[in-house]
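Worksheet: the structure to be examined is printed underneath.
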Amino acid sequence: MPAEPEAIGIDIGGTNLRAARVAAGGEILQWFAERSVAEPVALVDRLVEMIGRLDNPHVDSVGIGVPGRVDALRGEVLSGGYVDLSSLPLASTLAQRTGKRIFIDNDCNMALVGEMAAGAARGTANVAMLTIGTGIGGAVALDGRVLRGQRSAGQFGHVTVDVGGLPCACGRRGCVETTSSGTALGRHIREAGLPADMTAGQLLGLRLEGDRRAEAVIRAWAEPLRAAIDSLVAAFDPALVLLGGGLGKAAALALQSAPALSAWYQCPVAAATLGDDAGVIGSALAGRREADPEKKAVP
Ligand SMILES: [Zn+2]
C-alpha cells in the first residue's frame with residue numbers, strides 16, 4: 001500500500017515561526033517552533049531550512065500562512081505589517097530553492113481552514129474568523145470555501161468602528177485593529193492606570209472581582225470588537241464567528257461585557273480550539289488541496 005501523502009505547514013508570526021509535518025487527515029506528525037525574523041531575505045533562508053528539516057519522500061506540498069494581504073493565486077504578498085514579505089516573489093522563490101510545490105495565503109485564511117478541518121468550526125460551512133494578536137486578522141468561508149474576492153478578501157482588522165479614531169497602518173482611522181488588537185488592549189490598560197504588564201487573564205480576573213477600571217478597559221476593548229462582529233454578521237450571515245490568535249479566548253470572554261444588541265445580527269461567537277496549531281494544520285491542508293485541484297472544498 002502506498003504511504004499516505006504528507007504536507008508541511010508553516011505559520012509566520014511576529015514572535016514565532018511554527019512549522020509542522022501534517023498527515024492528510026490533519027494530524028501533526030512532527031512540529032517545532034523558532035523565534036521569528038523580520039528581515040525578508042533572512043526569513044526566506046530560515047523558511048528553506050525549516051522545510052528541509054521536515055521534508056521526507058512522502059511530502060508533496062508546503063503551505064505557508066503569511067500575515068498581511070496575500071494574493072494566494074499568484075503566490076505574492078501584497079503588503080505586510082510587523083513581518084513584510086511584499087518585496088519578493090515568495091512562493092516562486094521558495095519553490096525554486098526547495099523543489100516543492102508551495103502555496104502561500106493569509107495566515108488567518110490558513111487558521112480558518114485548520115479550524116474547519118479539525119477544530120471549532122468542524123462541519124460548519126459558513127464561518128467568519130478574527131485572529132486577535134499583535135494586530136487583527138480576518139477570514140471568511142462561505143459554502144465551505146475561503147472567500148478571496150479579487151485577491152485578498154477578509155481583511156477584517158480594517159473594519160471601521162470609529163470614523164474619527166486613531167490612525168491605522170492601512171492609512172485610514174478607527175479600524176477595529178486600532179481599538180481591539182492585543183496592542184490596543186495594552187494601550188487601554190496603560191491609559192486606565194493599570195500595571196503595564198497586566199495580562200488579559202489578570203484583567204478578566206479583576207472584572208470578576210467587580211473592579212470598575214478593569215470593566216471599563218474590557219468594554220473599551222470589546223465594544224468596538226462587537227461592532228465589527230455585527231458588521232461581519234450583517235455582511236456574511238455566518239453560522240459561527242470564531243475568535244482565534246493569542247487573545248481569541250480572552251476576547252470571547254470579554255465580549256460578555258458587550259453583548260450583541262440587535263436582533264438582526266445574532267450569531268454564536270466562540271473561541272477557536274486548535275490554538276497555535278490551527279495555522280500549521282490549515283497551511284498544510286490548504287497546501288495539499290491546492291496541489292490537487294479535485295479537492296478544493298474544505299473537508
Ligand atoms: Zn486599517
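To be explicit about the labels: the chains of the C-alpha cells are called A, B, and onward in the order shown, and within each one the residues are counted from 1, while ligands get numbers from 1 in the order they are shown.
Listed by chain and then residue number, the contacts of ligand 1 are His158, Cys168, Ala169, Cys170, Arg172 and Cys175 of chain A (distance at most 6 Å, using only C-alpha atoms and all ligand atoms).
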DSSP helix (DSSP H, G or I) residues within segment 232-279 of chain A, as JSON, numbers by chain: {"A": [232, 233, 234, 235, 236, 248, 249, 250, 251, 252, 253, 254, 255, 256, 257, 263, 264, 265, 277, 278, 279]}
Selection near Gly164 of chain A, 8 Å with only C-alpha atoms, sequence-local residues under 2 positions removed, as a compact mmCIF listing (two decimals) with all heavy atoms, in the first residue's frame:
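For reference, out.txt as written:
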```
# COMPACT_ATOMS: atom_id res chain seq x y z
N ASP A 162 -14.74 53.39 14.28
CA ASP A 162 -14.72 54.76 14.80
C ASP A 162 -14.14 55.65 13.71
O ASP A 162 -12.92 55.73 13.55
CB ASP A 162 -13.87 54.80 16.07
CG ASP A 162 -13.80 56.20 16.68
OD1 ASP A 162 -14.43 57.13 16.12
OD2 ASP A 162 -13.11 56.35 17.70
N LEU A 166 -8.22 56.52 15.94
CA LEU A 166 -6.76 56.57 15.80
C LEU A 166 -6.33 56.15 14.39
O LEU A 166 -6.99 55.33 13.75
CB LEU A 166 -6.10 55.64 16.82
CG LEU A 166 -6.24 56.06 18.28
CD1 LEU A 166 -5.74 54.94 19.20
CD2 LEU A 166 -5.47 57.35 18.53
N ARG A 173 -8.61 55.69 9.56
CA ARG A 173 -8.70 55.86 11.02
C ARG A 173 -9.77 54.94 11.60
O ARG A 173 -10.76 54.64 10.94
CB ARG A 173 -9.10 57.31 11.36
CG ARG A 173 -7.97 58.29 11.22
CD ARG A 173 -8.42 59.71 11.52
NE ARG A 173 -7.27 60.61 11.46
CZ ARG A 173 -6.46 60.85 12.49
NH1 ARG A 173 -6.70 60.30 13.67
NH2 ARG A 173 -5.43 61.66 12.34
N GLY A 174 -9.54 54.54 12.85
CA GLY A 174 -10.58 53.87 13.61
C GLY A 174 -10.92 52.47 13.15
O GLY A 174 -12.02 51.99 13.39
```
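Take the candidates A:Val59, A:Ala20, A:Leu29, A:Leu85 and check each one against Val41 of chain A using only C-alpha atoms; the shortest distance goes to A:Leu85.
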DSSP strand (DSSP E or B) selection over segment 48-201 of chain A, as a PyMOL selection string: chain A and resi 59-66+69-71+76-79+101-106+127-132+136-142+145-146+160+167+173+175
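Excluding Gly246 of chain A itself and same-chain residues fewer than 2 positions from it, the residues having an atom within 8 Å of it are Thr131, Ile132, Gly133, Gly244, Gly248, Lys249, Gly275 and Asp276 of chain A, counting only C-alpha atoms.
Proximity to Leu194 of chain A was assessed for A:Arg212, A:Arg69, A:Arg151, A:Arg122 counting only C-alpha atoms; the smallest distance is recorded for A:Arg212.
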